[in-house]
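What follows is the content of structure37.pdb (PDB, C-alpha atoms).
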ATOM      1  CA  MET A 259      16.235  -0.649   1.208  1.00  0.00           C
ATOM      2  CA  THR A 260      13.038   0.680   2.740  1.00  0.00           C
ATOM      3  CA  TYR A 261      10.136   1.496   0.393  1.00  0.00           C
ATOM      4  CA  ALA A 262       7.467   3.812   1.816  1.00  0.00           C
ATOM      5  CA  ILE A 263       3.995   4.889   0.732  1.00  0.00           C
ATOM      6  CA  GLN A 264       2.464   7.932   2.436  1.00  0.00           C
ATOM      7  CA  VAL A 265      -1.329   8.190   2.466  1.00  0.00           C
ATOM      8  CA  SER A 266      -3.120  11.485   3.263  1.00  0.00           C
ATOM      9  CA  ASN A 267      -6.779  12.490   3.425  1.00  0.00           C
ATOM     10  CA  THR A 268      -6.838  15.980   1.914  1.00  0.00           C
ATOM     11  CA  GLY A 269     -10.631  15.929   1.587  1.00  0.00           C
ATOM     12  CA  THR A 270     -13.186  17.561   3.850  1.00  0.00           C
ATOM     13  CA  ALA A 271     -14.985  14.297   4.699  1.00  0.00           C
ATOM     14  CA  THR A 272     -13.998  11.418   6.956  1.00  0.00           C
ATOM     15  CA  VAL A 273     -13.007   8.286   5.048  1.00  0.00           C
ATOM     16  CA  THR A 274     -15.616   5.658   5.844  1.00  0.00           C
ATOM     17  CA  SER A 275     -14.774   2.570   7.836  1.00  0.00           C
ATOM     18  CA  ASN A 276     -12.532   0.057   6.060  1.00  0.00           C
ATOM     19  CA  SER A 277     -12.803   1.762   2.637  1.00  0.00           C
ATOM     20  CA  ILE A 278      -9.129   2.679   2.165  1.00  0.00           C
ATOM     21  CA  PHE A 279      -7.417   0.492  -0.416  1.00  0.00           C
ATOM     22  CA  ILE A 280      -3.831   1.194  -1.429  1.00  0.00           C
ATOM     23  CA  LEU A 281      -2.631  -0.202  -4.743  1.00  0.00           C
ATOM     24  CA  ASP A 282       0.888   0.793  -5.731  1.00  0.00           C
ATOM     25  CA  ALA A 283       2.768  -0.354  -8.823  1.00  0.00           C
ATOM     26  CA  LEU A 284       6.332  -1.073  -7.799  1.00  0.00           C
ATOM     27  CA  PRO A 285       9.275   0.279  -9.769  1.00  0.00           C
ATOM     28  CA  PRO A 286      10.662  -2.496 -11.994  1.00  0.00           C
ATOM     29  CA  THR A 287      14.016  -2.260 -10.187  1.00  0.00           C
ATOM     30  CA  LEU A 288      12.595  -3.561  -6.861  1.00  0.00           C
ATOM     31  CA  ALA A 289      11.745  -7.016  -5.554  1.00  0.00           C
ATOM     32  CA  VAL A 290       9.592  -7.465  -2.456  1.00  0.00           C
ATOM     33  CA  GLY A 291       7.805 -10.190  -0.589  1.00  0.00           C
ATOM     34  CA  THR A 292       4.331  -9.228   0.628  1.00  0.00           C
ATOM     35  CA  SER A 293       0.895 -10.734   1.027  1.00  0.00           C
ATOM     36  CA  ALA A 294      -1.599  -9.655  -1.598  1.00  0.00           C
ATOM     37  CA  SER A 295      -5.312  -9.043  -1.130  1.00  0.00           C
ATOM     38  CA  PRO A 296      -7.435 -10.310  -4.108  1.00  0.00           C
ATOM     39  CA  SER A 297      -9.608  -7.195  -4.475  1.00  0.00           C
ATOM     40  CA  PHE A 298      -8.135  -6.051  -7.799  1.00  0.00           C
ATOM     41  CA  SER A 299      -6.784  -8.330 -10.518  1.00  0.00           C
ATOM     42  CA  ALA A 300      -3.263  -6.979  -9.918  1.00  0.00           C
ATOM     43  CA  CYS A 301      -3.454  -8.148  -6.322  1.00  0.00           C
ATOM     44  CA  THR A 302      -4.047 -11.870  -6.696  1.00  0.00           C
ATOM     45  CA  TYR A 303      -0.442 -13.088  -6.773  1.00  0.00           C
ATOM     46  CA  THR A 304       1.024 -14.629  -3.622  1.00  0.00           C
ATOM     47  CA  PRO A 305       4.828 -14.261  -3.275  1.00  0.00           C
ATOM     48  CA  THR A 306       6.881 -17.430  -3.236  1.00  0.00           C
ATOM     49  CA  SER A 307       9.965 -16.179  -1.371  1.00  0.00           C
ATOM     50  CA  ALA A 308      11.209 -13.414   0.898  1.00  0.00           C
ATOM     51  CA  TYR A 309      12.173 -11.241  -2.093  1.00  0.00           C
ATOM     52  CA  ASP A 310      10.093 -12.378  -5.051  1.00  0.00           C
ATOM     53  CA  PRO A 311      10.950 -10.556  -8.326  1.00  0.00           C
ATOM     54  CA  ALA A 312       7.519 -11.486  -9.734  1.00  0.00           C
ATOM     55  CA  VAL A 313       5.724  -9.153  -7.266  1.00  0.00           C
ATOM     56  CA  LYS A 314       4.616  -6.138  -9.309  1.00  0.00           C
ATOM     57  CA  TYR A 315       2.110  -4.447  -6.965  1.00  0.00           C
ATOM     58  CA  VAL A 316       1.640  -3.796  -3.273  1.00  0.00           C
ATOM     59  CA  CYS A 317      -1.979  -4.000  -2.148  1.00  0.00           C
ATOM     60  CA  ILE A 318      -2.984  -2.930   1.351  1.00  0.00           C
ATOM     61  CA  ASN A 319      -6.457  -2.587   2.890  1.00  0.00           C
ATOM     62  CA  PRO A 320      -6.064  -0.995   6.360  1.00  0.00           C
ATOM     63  CA  LYS A 321      -9.079  -1.115   8.661  1.00  0.00           C
ATOM     64  CA  GLY A 322     -10.857   1.727  10.447  1.00  0.00           C
ATOM     65  CA  THR A 323     -11.665   5.327   9.515  1.00  0.00           C
ATOM     66  CA  MET A 324      -9.508   8.322   8.633  1.00  0.00           C
ATOM     67  CA  ALA A 325     -10.432  11.802   9.820  1.00  0.00           C
ATOM     68  CA  ALA A 326     -11.140  14.659   7.424  1.00  0.00           C
ATOM     69  CA  SER A 327      -8.562  17.341   6.777  1.00  0.00           C
ATOM     70  CA  THR A 328      -8.892  20.458   8.909  1.00  0.00           C
ATOM     71  CA  GLY A 329      -5.871  22.316   7.546  1.00  0.00           C
ATOM     72  CA  SER A 330      -3.213  19.707   8.201  1.00  0.00           C
ATOM     73  CA  PRO A 331      -4.286  16.478   6.464  1.00  0.00           C
ATOM     74  CA  PRO A 332      -4.207  13.338   8.589  1.00  0.00           C
ATOM     75  CA  ASN A 333      -1.804  10.802   7.145  1.00  0.00           C
ATOM     76  CA  PHE A 334       0.008   7.550   7.705  1.00  0.00           C
ATOM     77  CA  THR A 335       2.982   5.840   6.118  1.00  0.00           C
ATOM     78  CA  VAL A 336       3.301   2.193   5.150  1.00  0.00           C
ATOM     79  CA  SER A 337       6.882   1.021   4.750  1.00  0.00           C
ATOM     80  CA  PHE A 338       8.486  -2.330   4.012  1.00  0.00           C
ATOM     81  CA  ASN A 339      11.800  -3.800   3.004  1.00  0.00           C
ATOM     82  CA  ALA A 340      12.618  -4.147  -0.678  1.00  0.00           C
ATOM     83  CA  GLN A 341      15.549  -5.496  -2.594  1.00  0.00           C
ATOM     84  CA  ILE A 342      17.094  -3.716  -5.567  1.00  0.00           C
ATOM     85  CA  LYS A 343      17.243  -6.118  -8.507  1.00  0.00           C
TER
END

For the structure just supplied, provide its representation as C-alpha cells.
Amino acid sequence: MTYAIQVSNTGTATVTSNSIFILDALPPTLAVGTSASPSFSACTYTPTSAYDPAVKYVCINPKGTMAASTGSPPNFTVSFNAQIK
C-alpha cells in the first residue's frame, strides 16, 4: 500500500531554510523500510530489510524554504510504500 503524509504551511510567515522536520508515528499495522535521521531519539533506528516491522517512525528533513500561506496554503506530500502486517 502507499502511505502518504501531507505537509502544509498555514502560517503567515515563510518557513526558514531547512527547518522543516517531519516525524510521524506509524500505525502499528504497517511495516516500512526507510532511512532515519538521528535528530530525535525516535529517529535513530536504521531498518534492516525492505519491510522492517521494527520501524515505528518516519523521520524526514526536506531542504529549502516553504512559502507563507496567502489564502491557499502551500503544501507537499511525501509518500512511500508500506506493508500491512

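When the PyMOL selection byres ((chain A and resi 325) around 10) is run on the displayed coordinates, the residues it returns are Ser266, Asn267, Thr268, Gly269, Thr270, Ala271, Thr272, Val273, Thr274, Thr323, Met324, Ala326, Ser327, Thr328, Pro331, Pro332 and Asn333 of chain A.
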
Those residues you just picked out, can you put them in a file as a short mmCIF file (atom, residue, chain, number, x, y, z; two decimals), keeping the file's coordinate frame with C-alpha atoms?
data_model
loop_
_atom_site.label_atom_id
_atom_site.label_comp_id
_atom_site.auth_asym_id
_atom_site.auth_seq_id
_atom_site.Cartn_x
_atom_site.Cartn_y
_atom_site.Cartn_z
CA SER A 266 -3.12 11.48 3.26
CA ASN A 267 -6.78 12.49 3.42
CA THR A 268 -6.84 15.98 1.91
CA GLY A 269 -10.63 15.93 1.59
CA THR A 270 -13.19 17.56 3.85
CA ALA A 271 -14.98 14.30 4.70
CA THR A 272 -14.00 11.42 6.96
CA VAL A 273 -13.01 8.29 5.05
CA THR A 274 -15.62 5.66 5.84
CA THR A 323 -11.66 5.33 9.52
CA MET A 324 -9.51 8.32 8.63
CA ALA A 326 -11.14 14.66 7.42
CA SER A 327 -8.56 17.34 6.78
CA THR A 328 -8.89 20.46 8.91
CA PRO A 331 -4.29 16.48 6.46
CA PRO A 332 -4.21 13.34 8.59
CA ASN A 333 -1.80 10.80 7.14
#

- Task: For each of A:Thr287, A:Thr260, A:Asn319, A:Ser307, take the minimum atom-to-atom distance to Ser275 of chain A, counting all atoms listed in the file, then give the residue where this is smallest.
- Result: A:Asn319

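Distance-wise, atom CA of Val316 of chain A and atom CA of Asp282 of chain A end up 5.3 Å apart.
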
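Applied to this file, the PyMOL selection byres ((chain A and resi 264) around 9) selects the residues Ala262, Ile263, Val265, Ser266, Asn333, Phe334, Thr335, Val336 and Ser337 of chain A.
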
- Message: Residues within 7 Å of Val313 of chain A, please, as a list in words. Count all atoms listed in the file; anything in the same chain fewer than 6 positions from it doesn't count.
- Response: Ala289, Val290 and Pro305 of chain A

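Minimum atom-to-atom distance to Ala283 of chain A, evaluated using all atoms listed in the file, belongs to A:Tyr315 out of A:Tyr261, A:Tyr303, A:Tyr309, A:Tyr315.
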
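A straight line drawn from atom CA of Ser277 of chain A to atom CA of Thr304 of chain A is 22.3 Å long.
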
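Pairwise distance (atom CA of Phe338 of chain A, atom CA of Pro286 of chain A) equals 16.2 Å.
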
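Using all atoms listed in the file for every distance, the candidate list A:Lys321, A:Ala312, A:Gly329, A:Ile342 yields A:Lys321 as the residue closest to Ile278 of chain A.
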
- Message: Since I can't run it myself right now, could you work out what the PyMOL selection byres ((chain A and resi 280) around 6) selects here and report it as an NGL selection string?
- Response: :A and (279 or 281 or 317-318)

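Each of A:Pro311, A:Leu288, A:Pro320, A:Thr302 was compared to Ala340 of chain A using all atoms listed in the file, and A:Leu288 turns out to be the nearest.
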